[in-house]
>>> print(open('work_8.cif').read())   # mmCIF, C-alpha atoms
data_protein
#
loop_
_atom_site.label_atom_id
_atom_site.label_comp_id
_atom_site.auth_asym_id
_atom_site.auth_seq_id
_atom_site.Cartn_x
_atom_site.Cartn_y
_atom_site.Cartn_z
CA MET T 20 40.37 19.68 -15.80
CA ALA T 21 36.85 21.17 -15.92
CA ASP T 22 35.81 18.47 -18.38
CA GLU T 23 37.13 15.78 -16.06
CA VAL T 24 35.15 17.21 -13.15
CA ALA T 25 31.98 17.50 -15.24
CA SER T 26 32.33 13.93 -16.50
CA PHE T 27 32.86 12.63 -12.98
CA ILE T 28 29.84 14.51 -11.62
CA ARG T 29 27.66 13.07 -14.40
CA SER T 30 28.83 9.56 -13.64
CA LEU T 31 28.28 10.10 -9.92
CA SER T 32 24.64 11.11 -10.59
CA TYR T 33 24.15 12.34 -7.04
CA ARG T 34 20.52 12.69 -5.92
CA ARG T 35 19.86 14.12 -2.48
CA TYR T 36 16.26 12.87 -2.65
CA SER T 37 16.94 9.44 -4.11
CA PRO T 38 14.43 6.85 -2.81
CA ASP T 39 16.88 4.70 -0.90
CA MET T 40 16.07 2.55 2.13
CA THR T 41 17.93 4.49 4.82
CA LEU T 42 16.10 4.80 8.14
CA GLU T 43 16.31 8.59 7.95
CA LYS T 44 14.45 8.70 4.64
CA ARG T 45 11.83 6.20 5.77
CA VAL T 46 11.08 8.36 8.80
CA VAL T 47 10.99 11.56 6.76
CA LEU T 48 8.74 9.97 4.13
CA HIS T 49 6.25 8.88 6.79
CA GLU T 50 6.22 12.36 8.29
CA ALA T 51 5.58 13.89 4.87
CA VAL T 52 2.77 11.43 4.11
CA GLY T 53 1.18 12.31 7.44
CA VAL T 54 1.38 16.00 6.59
CA TYR T 55 -0.21 15.46 3.18
CA LEU T 56 -3.03 13.26 4.46
CA ALA T 57 -3.84 15.85 7.13
CA THR T 58 -3.62 18.94 4.92
CA GLY T 59 -3.80 17.92 1.26
CA ASP T 60 -0.89 20.33 0.72
CA ARG T 61 1.95 18.94 -1.44
CA HIS T 62 4.10 22.00 -0.76
CA ALA T 63 3.85 21.37 2.97
CA ALA T 64 4.75 17.71 2.46
CA SER T 65 7.71 18.69 0.29
CA ALA T 66 8.86 21.22 2.90
CA ALA T 67 8.68 18.53 5.60
CA ILE T 68 11.05 16.37 3.56
CA SER T 69 13.46 19.25 2.91
CA ALA T 70 13.52 20.10 6.60
CA GLY T 71 13.95 16.46 7.59
CA LEU T 72 16.89 15.91 5.24
CA ALA T 73 19.05 18.82 6.29
CA SER T 74 21.41 20.05 3.56
CA ASP T 75 24.41 20.03 5.91
CA ALA T 76 23.87 16.36 6.70
CA SER T 77 23.39 15.59 3.02
CA ASP T 78 26.63 17.39 2.16
CA LEU T 79 28.44 15.38 4.81
CA ASP T 80 27.10 12.13 3.35
CA LEU T 81 28.10 13.28 -0.12
CA ALA T 82 31.60 14.19 1.09
CA THR T 83 31.92 10.73 2.60
CA VAL T 84 30.99 9.12 -0.72
CA LEU T 85 33.41 11.31 -2.67
CA SER T 86 36.24 10.67 -0.22
CA ASN T 87 36.10 6.98 -1.05
CA THR T 88 36.53 7.41 -4.81
CA ALA T 89 39.78 7.06 -6.71
CA THR T 90 38.74 10.07 -8.81
CA LEU T 91 39.19 12.40 -5.84
CA ASP T 92 42.83 11.30 -5.52
CA THR T 93 43.36 11.76 -9.27
CA LEU T 94 41.82 15.23 -9.36
CA SER T 95 43.70 16.28 -6.22
CA ALA T 96 46.98 15.14 -7.80
CA ASN T 97 46.15 17.11 -10.95
CA VAL T 98 45.44 20.23 -8.90
CA ARG T 99 48.76 19.84 -7.08
CA SER T 100 50.55 19.50 -10.43
CA VAL T 101 49.04 22.78 -11.59
CA ILE T 102 50.12 24.48 -8.38
CA GLU T 103 53.67 23.11 -8.65
CA ALA T 104 53.95 24.30 -12.24
CA SER T 105 52.51 27.75 -11.70
CA PHE T 106 53.23 28.56 -8.05
CA PRO T 107 56.13 26.41 -6.84
CA GLU T 108 56.56 28.60 -3.77
CA LEU T 109 53.17 27.35 -2.50
CA VAL T 110 54.31 23.74 -2.35
CA ILE T 111 55.04 23.41 1.35
CA ASP T 112 54.47 20.80 4.04
CA GLY T 113 50.76 20.06 4.39
CA VAL T 114 49.83 21.26 0.92
CA ASP T 115 48.46 17.84 -0.01
CA ALA T 116 45.90 17.98 2.79
CA VAL T 117 44.82 21.49 1.81
CA VAL T 118 44.54 20.55 -1.88
CA GLY T 119 42.58 17.39 -1.07
CA ARG T 120 40.15 19.20 1.20
CA THR T 121 39.63 22.07 -1.25
CA THR T 122 39.08 19.67 -4.16
CA LEU T 123 36.59 17.68 -2.10
CA LEU T 124 34.59 20.81 -1.19
CA HIS T 125 34.54 21.85 -4.85
CA LEU T 126 33.25 18.43 -5.91
CA VAL T 127 30.55 18.54 -3.22
CA GLU T 128 29.41 21.93 -4.55
CA GLU T 129 29.40 20.72 -8.16
CA ALA T 130 27.50 17.54 -7.31
CA ARG T 131 24.90 19.53 -5.36
CA ARG T 132 24.51 21.99 -8.23
CA ALA T 133 23.98 19.15 -10.72
CA ASP T 134 21.33 17.50 -8.52
CA THR T 135 17.91 17.70 -10.18
CA SER T 136 16.00 15.62 -7.63
CA LYS T 137 12.93 16.97 -5.83
CA PRO T 138 11.85 16.21 -2.24
CA LEU T 139 8.88 14.04 -3.20
CA ASP T 140 11.20 11.82 -5.25
CA ILE T 141 11.96 9.85 -2.08
CA ALA T 142 8.49 8.32 -2.42
CA ALA T 143 9.35 6.40 -5.62
CA GLY T 144 8.77 2.68 -5.18
CA LYS T 145 7.83 3.00 -1.51
CA ASP T 146 4.64 1.74 0.13
CA VAL T 147 3.03 3.22 3.22
CA THR T 148 0.31 1.66 5.36
CA ILE T 149 -2.78 3.84 5.44
CA CYS T 150 -5.68 3.73 7.88
CA PHE T 151 -9.01 5.11 6.61
CA ILE T 152 -11.46 6.20 9.31
CA PRO T 153 -14.67 7.46 7.67
CA GLY T 154 -15.39 11.04 8.68
CA SER T 155 -12.42 11.35 11.03
CA SER T 156 -11.68 14.75 9.50
CA ARG T 157 -14.69 16.01 11.46
CA VAL T 158 -13.04 15.39 14.84
CA ARG T 159 -9.86 16.43 16.60
CA ASN T 160 -8.56 12.97 17.55
CA TYR T 161 -9.27 9.28 17.08
CA PRO T 162 -11.17 8.61 20.36
CA GLU T 163 -13.84 11.09 19.23
CA THR T 164 -14.71 8.74 16.35
CA ALA T 165 -15.69 5.95 18.76
CA THR T 166 -19.29 4.84 18.57
CA ARG T 167 -21.48 5.79 21.55
CA SER T 168 -24.08 3.63 23.24
CA TRP T 169 -27.29 3.94 25.23
CA LEU T 170 -25.70 1.57 27.76
CA GLU T 171 -22.43 1.69 29.68
CA ARG T 172 -21.40 -1.60 28.09
CA SER T 173 -22.33 -1.48 24.43
CA ASP T 174 -23.43 -4.11 21.96
CA SER T 175 -25.05 -4.15 18.53
CA ILE T 176 -28.53 -3.32 19.78
CA SER T 177 -27.39 -0.49 22.06
CA ILE T 178 -24.92 1.43 19.91
CA TYR T 179 -25.98 4.85 18.75
CA PRO T 180 -26.05 5.48 14.96
CA ASP T 181 -23.03 7.74 14.95
CA ARG T 182 -21.97 9.25 11.63
CA THR T 183 -18.61 7.45 11.50
CA PHE T 184 -20.25 4.05 11.97
CA LEU T 185 -22.96 4.75 9.38
CA ASP T 186 -20.31 5.89 6.88
CA PHE T 187 -18.41 2.68 7.59
CA LEU T 188 -21.48 0.51 6.95
CA GLY T 189 -21.97 2.27 3.63
CA VAL T 190 -18.35 1.67 2.61
CA VAL T 191 -18.44 -2.05 3.42
CA GLY T 192 -21.76 -2.47 1.60
CA VAL T 193 -24.20 -2.94 4.47
CA SER T 194 -27.49 -1.06 4.07
CA LYS T 195 -29.61 0.30 6.91
CA ALA T 196 -32.21 -2.42 6.44
CA ASP T 197 -29.54 -5.15 6.32
CA TRP T 198 -27.86 -3.87 9.48
CA LEU T 199 -31.06 -3.61 11.53
CA ALA T 200 -32.19 -7.03 10.33
CA ALA T 201 -28.86 -8.60 11.30
CA VAL T 202 -29.02 -6.98 14.75
CA GLU T 203 -32.56 -8.29 15.26
CA ARG T 204 -31.54 -11.81 14.22
CA ASN T 205 -28.69 -11.89 16.69
CA THR T 206 -30.06 -9.99 19.69
CA THR T 207 -30.54 -12.24 22.71
CA MET T 208 -33.39 -11.92 25.18
CA SER T 209 -31.02 -10.70 27.88
CA ALA T 210 -29.55 -8.02 25.57
CA ALA T 211 -33.05 -6.81 24.67
CA ALA T 212 -33.97 -6.74 28.36
CA ARG T 213 -31.00 -4.48 29.18
CA MET T 214 -32.22 -2.05 26.51
CA ARG T 215 -35.87 -2.11 27.60
CA ALA T 216 -35.86 1.47 28.89
CA HIS T 217 -34.32 2.79 25.66
CA LEU T 218 -36.06 0.71 22.97
CA ALA T 219 -38.59 3.39 22.01
CA GLU T 220 -35.89 6.06 21.78
CA ARG T 221 -33.65 3.70 19.81
CA ALA T 222 -36.43 2.93 17.31
CA ALA T 223 -37.18 6.64 16.83
CA THR T 224 -33.49 7.50 16.43
CA TRP T 225 -32.84 4.81 13.83
CA ASN T 226 -36.09 5.64 11.99
CA ALA T 227 -34.84 9.23 11.65
CA VAL T 228 -31.62 8.05 9.99
CA PRO T 229 -31.95 8.30 6.19
CA GLU T 230 -30.88 5.33 4.09
CA TRP T 231 -27.25 5.61 3.05
CA GLU T 232 -25.55 4.73 -0.20
CA THR T 233 -23.60 1.46 -0.15
CA SER T 234 -20.58 0.47 -2.21
CA GLY T 235 -18.00 -2.29 -2.25
CA SER T 236 -18.21 -5.99 -1.55
CA LEU T 237 -16.64 -7.70 1.44
CA ASP T 238 -16.19 -11.38 2.12
CA ILE T 239 -17.63 -10.76 5.61
CA ASP T 240 -21.17 -11.76 6.59
CA ASP T 241 -23.53 -9.22 8.21
CA ASP T 242 -23.95 -11.54 11.19
CA ASP T 243 -20.17 -11.64 11.67
CA LEU T 244 -20.12 -7.85 11.76
CA VAL T 245 -22.82 -7.88 14.45
CA ALA T 246 -20.73 -10.37 16.43
CA ALA T 247 -17.71 -8.07 16.09
CA VAL T 248 -19.70 -5.12 17.46
CA ASP T 249 -20.93 -7.29 20.33
CA GLY T 250 -17.30 -8.10 21.09
CA CYS T 251 -16.41 -4.42 21.66
CA PRO T 252 -18.30 -3.54 24.88
CA PHE T 253 -16.37 -0.34 25.51
CA GLY T 254 -16.86 1.28 22.12
CA PHE T 255 -14.83 1.20 18.94
CA THR T 256 -13.74 3.05 15.83
CA PRO T 257 -14.34 1.36 12.47
CA VAL T 258 -11.18 1.23 10.37
CA ILE T 259 -9.97 0.11 6.96
CA ALA T 260 -6.21 -0.25 6.56
CA PHE T 261 -4.17 -1.02 3.46
CA ASN T 262 -0.82 -0.52 1.77
CA MET T 263 -0.63 2.23 -0.83
CA ASP T 264 2.15 3.46 -3.11
CA ALA T 265 3.54 6.65 -1.57
CA GLU T 266 3.73 8.38 -4.95
CA GLU T 267 0.02 7.64 -5.44
CA VAL T 268 -0.70 9.17 -2.04
CA PHE T 269 0.99 12.43 -3.03
CA ALA T 270 -0.84 12.35 -6.38
CA MET T 271 -4.31 12.25 -4.81
CA ASP T 272 -6.39 15.41 -4.96
CA PHE T 273 -9.11 14.20 -2.54
CA THR T 274 -11.87 14.50 -5.12
CA GLU T 275 -11.21 10.97 -6.33
CA THR T 276 -12.64 7.67 -5.20
CA LEU T 277 -10.21 5.00 -4.03
CA GLU T 278 -10.86 1.38 -4.99
CA VAL T 279 -9.10 -0.87 -2.50
CA THR T 280 -8.93 -4.63 -2.94
CA GLY T 281 -7.54 -6.50 0.04
CA GLY T 282 -6.41 -5.18 3.39
CA ILE T 283 -7.53 -4.99 7.01
CA VAL T 284 -11.05 -4.11 8.08
CA GLY T 285 -12.64 -4.10 11.50
CA LEU T 286 -13.36 -2.36 14.77
CA HIS T 287 -10.61 -0.96 16.97
CA ASP T 288 -10.56 0.92 20.25
CA PHE T 289 -7.77 3.50 20.14
CA THR T 290 -8.21 4.11 23.88
CA THR T 291 -7.69 0.54 25.11
CA GLY T 292 -6.13 -1.12 22.06
CA SER T 293 -8.86 -3.77 21.93
CA GLY T 294 -10.81 -4.83 18.86
CA ASP T 295 -10.87 -7.50 16.20
CA PRO T 296 -9.75 -6.17 12.80
CA ILE T 297 -9.25 -8.93 10.24
CA ARG T 298 -7.95 -9.46 6.71
CA PHE T 299 -10.42 -8.96 3.85
CA GLU T 300 -10.09 -9.88 0.17
CA GLY T 301 -13.06 -8.02 -1.30
CA THR T 302 -13.14 -4.61 -2.97
CA LEU T 303 -14.15 -1.39 -1.25
CA ARG T 304 -14.73 2.03 -2.77
CA PHE T 305 -14.71 5.24 -0.80
CA ALA T 306 -13.97 8.92 -1.31
CA PRO T 307 -11.79 10.10 1.58
CA GLY T 308 -11.64 13.76 2.43
CA VAL T 309 -8.58 15.59 3.69
CA GLY T 310 -8.01 14.30 7.21
CA ASP T 311 -9.95 11.02 6.80
CA MET T 312 -6.81 8.91 6.20
CA HIS T 313 -3.88 8.46 8.55
CA LEU T 314 -0.67 6.50 8.86
CA THR T 315 -1.61 3.21 10.48
CA ASP T 316 1.30 3.26 12.92
CA ASP T 317 1.14 6.92 13.96
CA GLN T 318 -0.85 6.30 17.15
CA PRO T 319 -0.02 4.48 20.38
CA LEU T 320 -2.31 1.47 20.77
CA GLY T 321 -2.63 1.37 16.98
CA LEU T 322 -3.50 -1.54 14.73
CA ILE T 323 0.02 -2.80 14.09
CA GLU T 324 1.25 -2.46 17.66
CA MET T 325 -1.79 -4.01 19.34
CA HIS T 326 -2.72 -6.79 16.91
CA GLY T 327 0.69 -7.86 15.65
CA PHE T 328 -0.15 -7.82 11.96
CA LEU T 329 2.64 -8.67 9.53
CA SER T 330 3.16 -6.19 6.72
CA SER T 331 1.75 -8.77 4.29
CA ALA T 332 -1.65 -8.48 6.01
CA PHE T 333 -2.03 -4.99 4.58
CA ALA T 334 -1.14 -5.98 0.99
CA SER T 335 -3.63 -4.26 -1.30
CA ASN T 336 -4.34 -3.24 -4.85
CA VAL T 337 -5.33 0.42 -4.84
CA ALA T 338 -6.71 2.33 -7.82
CA ARG T 339 -7.56 6.01 -7.98
CA LEU T 340 -10.85 6.53 -9.81
CA SER T 341 -11.69 9.87 -11.38
CA PRO T 342 -14.43 11.83 -9.64
CA ARG T 343 -17.84 11.86 -11.25
CA PRO T 344 -18.33 14.93 -13.45
CA THR T 345 -20.66 17.50 -11.99
CA ILE T 346 -23.23 19.35 -14.06
CA ASP T 347 -24.05 22.95 -13.34
CA PRO T 348 -27.83 23.23 -12.70
CA ALA T 349 -28.12 26.22 -15.07
CA SER T 350 -26.37 24.27 -17.83
CA ALA T 351 -28.58 21.24 -17.20
CA ALA T 352 -31.68 23.43 -17.56
CA GLN T 353 -30.46 24.70 -20.91
CA LEU T 354 -29.98 21.11 -22.12
CA SER T 355 -33.49 20.05 -21.11
CA PRO T 356 -36.06 19.83 -23.92
#
>>> encode(input="work_8.cif", output="structure tokens")
Amino acid sequence: MADEVASFIRSLSYRRYSPDMTLEKRVVLHEAVGVYLATGDRHAASAAISAGLASDASDLDLATVLSNTATLDTLSANVRSVIEASFPELVIDGVDAVVGRTTLLHLVEEARRADTSKPLDIAAGKDVTICFIPGSSRVRNYPETATRSWLERSDSISIYPDRTFLDFLGVVGVSKADWLAAVERNTTMSAAARMRAHLAERAATWNAVPEWETSGSLDIDDDDLVAAVDGCPFGFTPVIAFNMDAEEVFAMDFTETLEVTGGIVGLHDFTTGSGDPIRFEGTLRFAPGVGDMHLTDDQPLGLIEMHGFLSSAFASNVARLSPRPTIDPASAAQLSP
């Protein structure tokens, strides 16, 4: 009978962490992705999945599956036959229920023992929607990434060169000179008049900002970006959102550069829910640190909830690029002629 049980367990191929589409596993996967993006710790992400898929609940699901198989009836009948042949005095009313329950518990134990799946296996073939906020690892919450302004109602000429916004300009391929030129082209006389008392300070502040490295190519004009900033008078957080394979998320080591083609880019206010993020088709490259990426739908007043994007809007091709090799200064000196 042991061979029959072993053969059945192999055919059952039970996997507690199979990547199915149940709501429970989708929720647990999202929680684990959030843990990994915030900490960079795969063990913590794995532990979140194990805790979210309690073994007792998994055993109950497994028992339900086994109860609906003809094999359980066959094995239970075989066990009863053994009992009748060896211990006839034990064959009393209710023995069938006891034999069936005992056989079921044994099969549950054997199936669990044969399970070779690991918690992160639930990520196989699953996409998650990621929101990249440059430098957000430096703050405690999203509102702290919002760009400040010299004026109560901000626009492109009055916003302060906050680090998050400058990082964003670099990612989308807009240089310091390009940005300032676009602002100058689009600033109206009335906007300049409102800033009159701060123009000298603004010029000194922007002059003190070093030029930043740019990468990527967007199908968005600099003037359109200025218009978007002008349309966010109460501040904003720059965001880039895209779909990414969950297995690739867990494989990142946060020293790599991500190359993202297609997705959502724009300005969003996580305090009011306003903003104008739009679909882009170009290619962006950025190197996110631990805590710079988040689940797009993990905040109230988030992108999906407030702007009604369909999942197809976040469709992206994402590649993980190896980090550039670093050369130890001492070694470089030895190589110099």
>>> atom_distance(input="work_8.cif", atom1="atom CA of Leu56 of chain T", atom2="atom CA of Ala270 of chain T")
11.1 Å
>>> closest_residue(input="work_8.cif", among="T:Leu303, T:Ala165, T:Val147, T:Ser177", to="Ala334 of chain T", atoms="only C-alpha atoms")
T:Val147
>>> atom_distance(input="work_8.cif", atom1="atom CA of Asp115 of chain T", atom2="atom CA of Arg99 of chain T")
7.4 Å
>>> residues_around(input="work_8.cif", residues="segment 82-90 of chain T", least_positions_apart="6", cutoff="8 Å", atoms="all atoms listed in the file", output="VMD selection string")
chain T and resid 27 123 to 124 126 to 127
>>> closest_residue(input="work_8.cif", among="T:Asp146, T:Asp264, T:Glu50, T:Glu300", to="Ser65 of chain T", atoms="all atoms listed in the file")
T:Glu50
>>> residues_around(input="work_8.cif", residues="Ile152 of chain T", least_positions_apart="6", cutoff="10 Å", atoms="all atoms listed in the file", output="number ranges by chain")
T: 161, 164, 183-184, 186-187, 256-260, 307, 310-313
>>> write_last_selection(input="work_8.cif", atoms="C-alpha atoms", output="JSON list (two decimals), in the frame of the given file")
[["chain", "number", "residue", "atom", "x", "y", "z"],
["T", 161, "TYR", "CA", -9.27, 9.28, 17.08],
["T", 164, "THR", "CA", -14.71, 8.74, 16.35],
["T", 183, "THR", "CA", -18.61, 7.45, 11.50],
["T", 184, "PHE", "CA", -20.25, 4.05, 11.97],
["T", 186, "ASP", "CA", -20.31, 5.89, 6.88],
["T", 187, "PHE", "CA", -18.41, 2.68, 7.59],
["T", 256, "THR", "CA", -13.74, 3.05, 15.83],
["T", 257, "PRO", "CA", -14.34, 1.36, 12.47],
["T", 258, "VAL", "CA", -11.18, 1.23, 10.37],
["T", 259, "ILE", "CA", -9.97, 0.11, 6.96],
["T", 260, "ALA", "CA", -6.21, -0.25, 6.56],
["T", 307, "PRO", "CA", -11.79, 10.10, 1.58],
["T", 310, "GLY", "CA", -8.01, 14.30, 7.21],
["T", 311, "ASP", "CA", -9.95, 11.02, 6.80],
["T", 312, "MET", "CA", -6.81, 8.91, 6.20],
["T", 313, "HIS", "CA", -3.88, 8.46, 8.55]]
>>> resolve_selection(input="work_8.cif", expression="the PyMOL selection byres ((chain T and resi 130) around 12)", output="ChimeraX atom specification")
/T:24-35,77-78,80-82,84-85,123-129,131-136
>>> atom_distance(input="work_8.cif", atom1="atom CA of Ser175 of chain T", atom2="atom CA of Glu324 of chain T")
26.4 Å
>>> closest_residue(input="work_8.cif", among="T:Trp169, T:Ser100, T:Leu237, T:Ala247", to="Val202 of chain T", atoms="all atoms listed in the file")
T:Ala247
>>> closest_residue(input="work_8.cif", among="T:Phe333, T:Pro162, T:Ser194, T:Ala73", to="Asp288 of chain T", atoms="all atoms listed in the file")
T:Pro162
>>> closest_residue(input="work_8.cif", among="T:Ser330, T:Asn262, T:Asn336, T:Thr233", to="Glu278 of chain T", atoms="all atoms listed in the file")
T:Asn336
>>> residues_around(input="work_8.cif", residues="segment 212-215 of chain T", least_positions_apart="5", cutoff="12 Å", atoms="all atoms listed in the file", output="short mmCIF file (atom, residue, chain, number, x, y, z; two decimals) with C-alpha atoms, in the coordinates of the input")
data_model
loop_
_atom_site.label_atom_id
_atom_site.label_comp_id
_atom_site.auth_asym_id
_atom_site.auth_seq_id
_atom_site.Cartn_x
_atom_site.Cartn_y
_atom_site.Cartn_z
CA SER T 168 -24.08 3.63 23.24
CA TRP T 169 -27.29 3.94 25.23
CA LEU T 170 -25.70 1.57 27.76
CA GLU T 171 -22.43 1.69 29.68
CA ARG T 172 -21.40 -1.60 28.09
CA SER T 173 -22.33 -1.48 24.43
CA ASP T 174 -23.43 -4.11 21.96
CA SER T 175 -25.05 -4.15 18.53
CA ILE T 176 -28.53 -3.32 19.78
CA SER T 177 -27.39 -0.49 22.06
CA ILE T 178 -24.92 1.43 19.91
CA THR T 206 -30.06 -9.99 19.69
CA THR T 207 -30.54 -12.24 22.71
CA GLU T 220 -35.89 6.06 21.78
CA ARG T 221 -33.65 3.70 19.81
CA ALA T 222 -36.43 2.93 17.31
#
>>> closest_residue(input="work_8.cif", among="T:Trp225, T:Phe261, T:Phe273, T:Phe328", to="Thr302 of chain T", atoms="only C-alpha atoms")
T:Phe261
>>> resolve_selection(input="work_8.cif", expression="the PyMOL selection byres ((chain T and resi 238) around 7)", output="ChimeraX atom specification")
/T:236-237,239-240,299-301
>>> residues_around(input="work_8.cif", residues="Arg304 of chain T", least_positions_apart="5", cutoff="10 Å", atoms="only C-alpha atoms", output="list of chain:residue names")
T:Gly189, T:Val190, T:Val191, T:Gly192, T:Thr233, T:Ser234, T:Gly235, T:Ser236, T:Thr276, T:Leu277, T:Glu278, T:Val279, T:Thr280, T:Val337, T:Ala338, T:Arg339, T:Leu340
>>> resolve_selection(input="work_8.cif", expression="the PyMOL selection byres ((chain T and resi 51) around 12)", output="PDB file with C-alpha atoms, in the frame of the given file")
ATOM      1  CA  LYS T  44      14.450   8.700   4.640  1.00  0.00           C
ATOM      2  CA  ARG T  45      11.830   6.200   5.770  1.00  0.00           C
ATOM      3  CA  VAL T  46      11.080   8.360   8.800  1.00  0.00           C
ATOM      4  CA  VAL T  47      10.990  11.560   6.760  1.00  0.00           C
ATOM      5  CA  LEU T  48       8.740   9.970   4.130  1.00  0.00           C
ATOM      6  CA  HIS T  49       6.250   8.880   6.790  1.00  0.00           C
ATOM      7  CA  GLU T  50       6.220  12.360   8.290  1.00  0.00           C
ATOM      8  CA  VAL T  52       2.770  11.430   4.110  1.00  0.00           C
ATOM      9  CA  GLY T  53       1.180  12.310   7.440  1.00  0.00           C
ATOM     10  CA  VAL T  54       1.380  16.000   6.590  1.00  0.00           C
ATOM     11  CA  TYR T  55      -0.210  15.460   3.180  1.00  0.00           C
ATOM     12  CA  LEU T  56      -3.030  13.260   4.460  1.00  0.00           C
ATOM     13  CA  ALA T  57      -3.840  15.850   7.130  1.00  0.00           C
ATOM     14  CA  THR T  58      -3.620  18.940   4.920  1.00  0.00           C
ATOM     15  CA  GLY T  59      -3.800  17.920   1.260  1.00  0.00           C
ATOM     16  CA  ASP T  60      -0.890  20.330   0.720  1.00  0.00           C
ATOM     17  CA  ARG T  61       1.950  18.940  -1.440  1.00  0.00           C
ATOM     18  CA  HIS T  62       4.100  22.000  -0.760  1.00  0.00           C
ATOM     19  CA  ALA T  63       3.850  21.370   2.970  1.00  0.00           C
ATOM     20  CA  ALA T  64       4.750  17.710   2.460  1.00  0.00           C
ATOM     21  CA  SER T  65       7.710  18.690   0.290  1.00  0.00           C
ATOM     22  CA  ALA T  66       8.860  21.220   2.900  1.00  0.00           C
ATOM     23  CA  ALA T  67       8.680  18.530   5.600  1.00  0.00           C
ATOM     24  CA  ILE T  68      11.050  16.370   3.560  1.00  0.00           C
ATOM     25  CA  SER T  69      13.460  19.250   2.910  1.00  0.00           C
ATOM     26  CA  ALA T  70      13.520  20.100   6.600  1.00  0.00           C
ATOM     27  CA  GLY T  71      13.950  16.460   7.590  1.00  0.00           C
ATOM     28  CA  LEU T  72      16.890  15.910   5.240  1.00  0.00           C
ATOM     29  CA  PRO T 138      11.850  16.210  -2.240  1.00  0.00           C
ATOM     30  CA  LEU T 139       8.880  14.040  -3.200  1.00  0.00           C
ATOM     31  CA  ASP T 140      11.200  11.820  -5.250  1.00  0.00           C
ATOM     32  CA  ILE T 141      11.960   9.850  -2.080  1.00  0.00           C
ATOM     33  CA  ALA T 142       8.490   8.320  -2.420  1.00  0.00           C
ATOM     34  CA  VAL T 147       3.030   3.220   3.220  1.00  0.00           C
ATOM     35  CA  ALA T 265       3.540   6.650  -1.570  1.00  0.00           C
ATOM     36  CA  GLU T 266       3.730   8.380  -4.950  1.00  0.00           C
ATOM     37  CA  VAL T 268      -0.700   9.170  -2.040  1.00  0.00           C
ATOM     38  CA  PHE T 269       0.990  12.430  -3.030  1.00  0.00           C
ATOM     39  CA  HIS T 313      -3.880   8.460   8.550  1.00  0.00           C
ATOM     40  CA  LEU T 314      -0.670   6.500   8.860  1.00  0.00           C
TER      41      LEU T 314
END
>>> residues_around(input="work_8.cif", residues="Pro296 of chain T", least_positions_apart="5", cutoff="7 Å", atoms="only C-alpha atoms", output="JSON, numbers by chain")
{"T": [283, 284, 285, 286, 287]}
>>> axis_aligned_box(input="work_8.cif", around="segment 251-256 of chain T", padding_each_side="6 Å", output="lines of an AutoDock Vina configuration file")
center_x = -16.0
center_y = -0.7
center_z = 20.7
size_x = 16.6
size_y = 19.5
size_z = 21.7
>>> decode(input="work_8.cif", residues="segment 196-207 of chain T", atoms="N, CA and C atoms", output="PDB file, in the first residue's frame")
ATOM      1  N   ALA T 196      20.134  72.978 -18.145  1.00  0.00           N
ATOM      2  CA  ALA T 196      20.012  74.057 -19.130  1.00  0.00           C
ATOM      3  C   ALA T 196      18.701  73.951 -19.910  1.00  0.00           C
ATOM      4  N   ASP T 197      18.318  72.726 -20.281  1.00  0.00           N
ATOM      5  CA  ASP T 197      17.074  72.525 -21.034  1.00  0.00           C
ATOM      6  C   ASP T 197      15.861  72.923 -20.198  1.00  0.00           C
ATOM      7  N   TRP T 198      15.895  72.538 -18.910  1.00  0.00           N
ATOM      8  CA  TRP T 198      14.755  72.846 -18.039  1.00  0.00           C
ATOM      9  C   TRP T 198      14.607  74.352 -17.855  1.00  0.00           C
ATOM     10  N   LEU T 199      15.686  75.039 -17.523  1.00  0.00           N
ATOM     11  CA  LEU T 199      15.610  76.479 -17.287  1.00  0.00           C
ATOM     12  C   LEU T 199      15.212  77.213 -18.562  1.00  0.00           C
ATOM     13  N   ALA T 200      15.681  76.738 -19.707  1.00  0.00           N
ATOM     14  CA  ALA T 200      15.314  77.373 -20.970  1.00  0.00           C
ATOM     15  C   ALA T 200      13.830  77.191 -21.263  1.00  0.00           C
ATOM     16  N   ALA T 201      13.309  75.994 -20.983  1.00  0.00           N
ATOM     17  CA  ALA T 201      11.890  75.734 -21.220  1.00  0.00           C
ATOM     18  C   ALA T 201      11.023  76.576 -20.297  1.00  0.00           C
ATOM     19  N   VAL T 202      11.451  76.737 -19.044  1.00  0.00           N
ATOM     20  CA  VAL T 202      10.703  77.573 -18.102  1.00  0.00           C
ATOM     21  C   VAL T 202      10.681  79.021 -18.597  1.00  0.00           C
ATOM     22  N   GLU T 203      11.838  79.502 -19.043  1.00  0.00           N
ATOM     23  CA  GLU T 203      11.919  80.887 -19.521  1.00  0.00           C
ATOM     24  C   GLU T 203      11.028  81.099 -20.744  1.00  0.00           C
ATOM     25  N   ARG T 204      10.993  80.120 -21.632  1.00  0.00           N
ATOM     26  CA  ARG T 204      10.155  80.246 -22.845  1.00  0.00           C
ATOM     27  C   ARG T 204       8.674  80.339 -22.499  1.00  0.00           C
ATOM     28  N   ASN T 205       8.294  79.683 -21.427  1.00  0.00           N
ATOM     29  CA  ASN T 205       6.861  79.547 -21.146  1.00  0.00           C
ATOM     30  C   ASN T 205       6.359  80.412 -19.997  1.00  0.00           C
ATOM     31  N   THR T 206       7.244  81.151 -19.345  1.00  0.00           N
ATOM     32  CA  THR T 206       6.824  81.987 -18.229  1.00  0.00           C
ATOM     33  C   THR T 206       6.117  83.243 -18.741  1.00  0.00           C
ATOM     34  N   THR T 207       4.921  83.468 -18.227  1.00  0.00           N
ATOM     35  CA  THR T 207       4.156  84.653 -18.625  1.00  0.00           C
ATOM     36  C   THR T 207       4.606  85.861 -17.809  1.00  0.00           C
TER      37      THR T 207
END
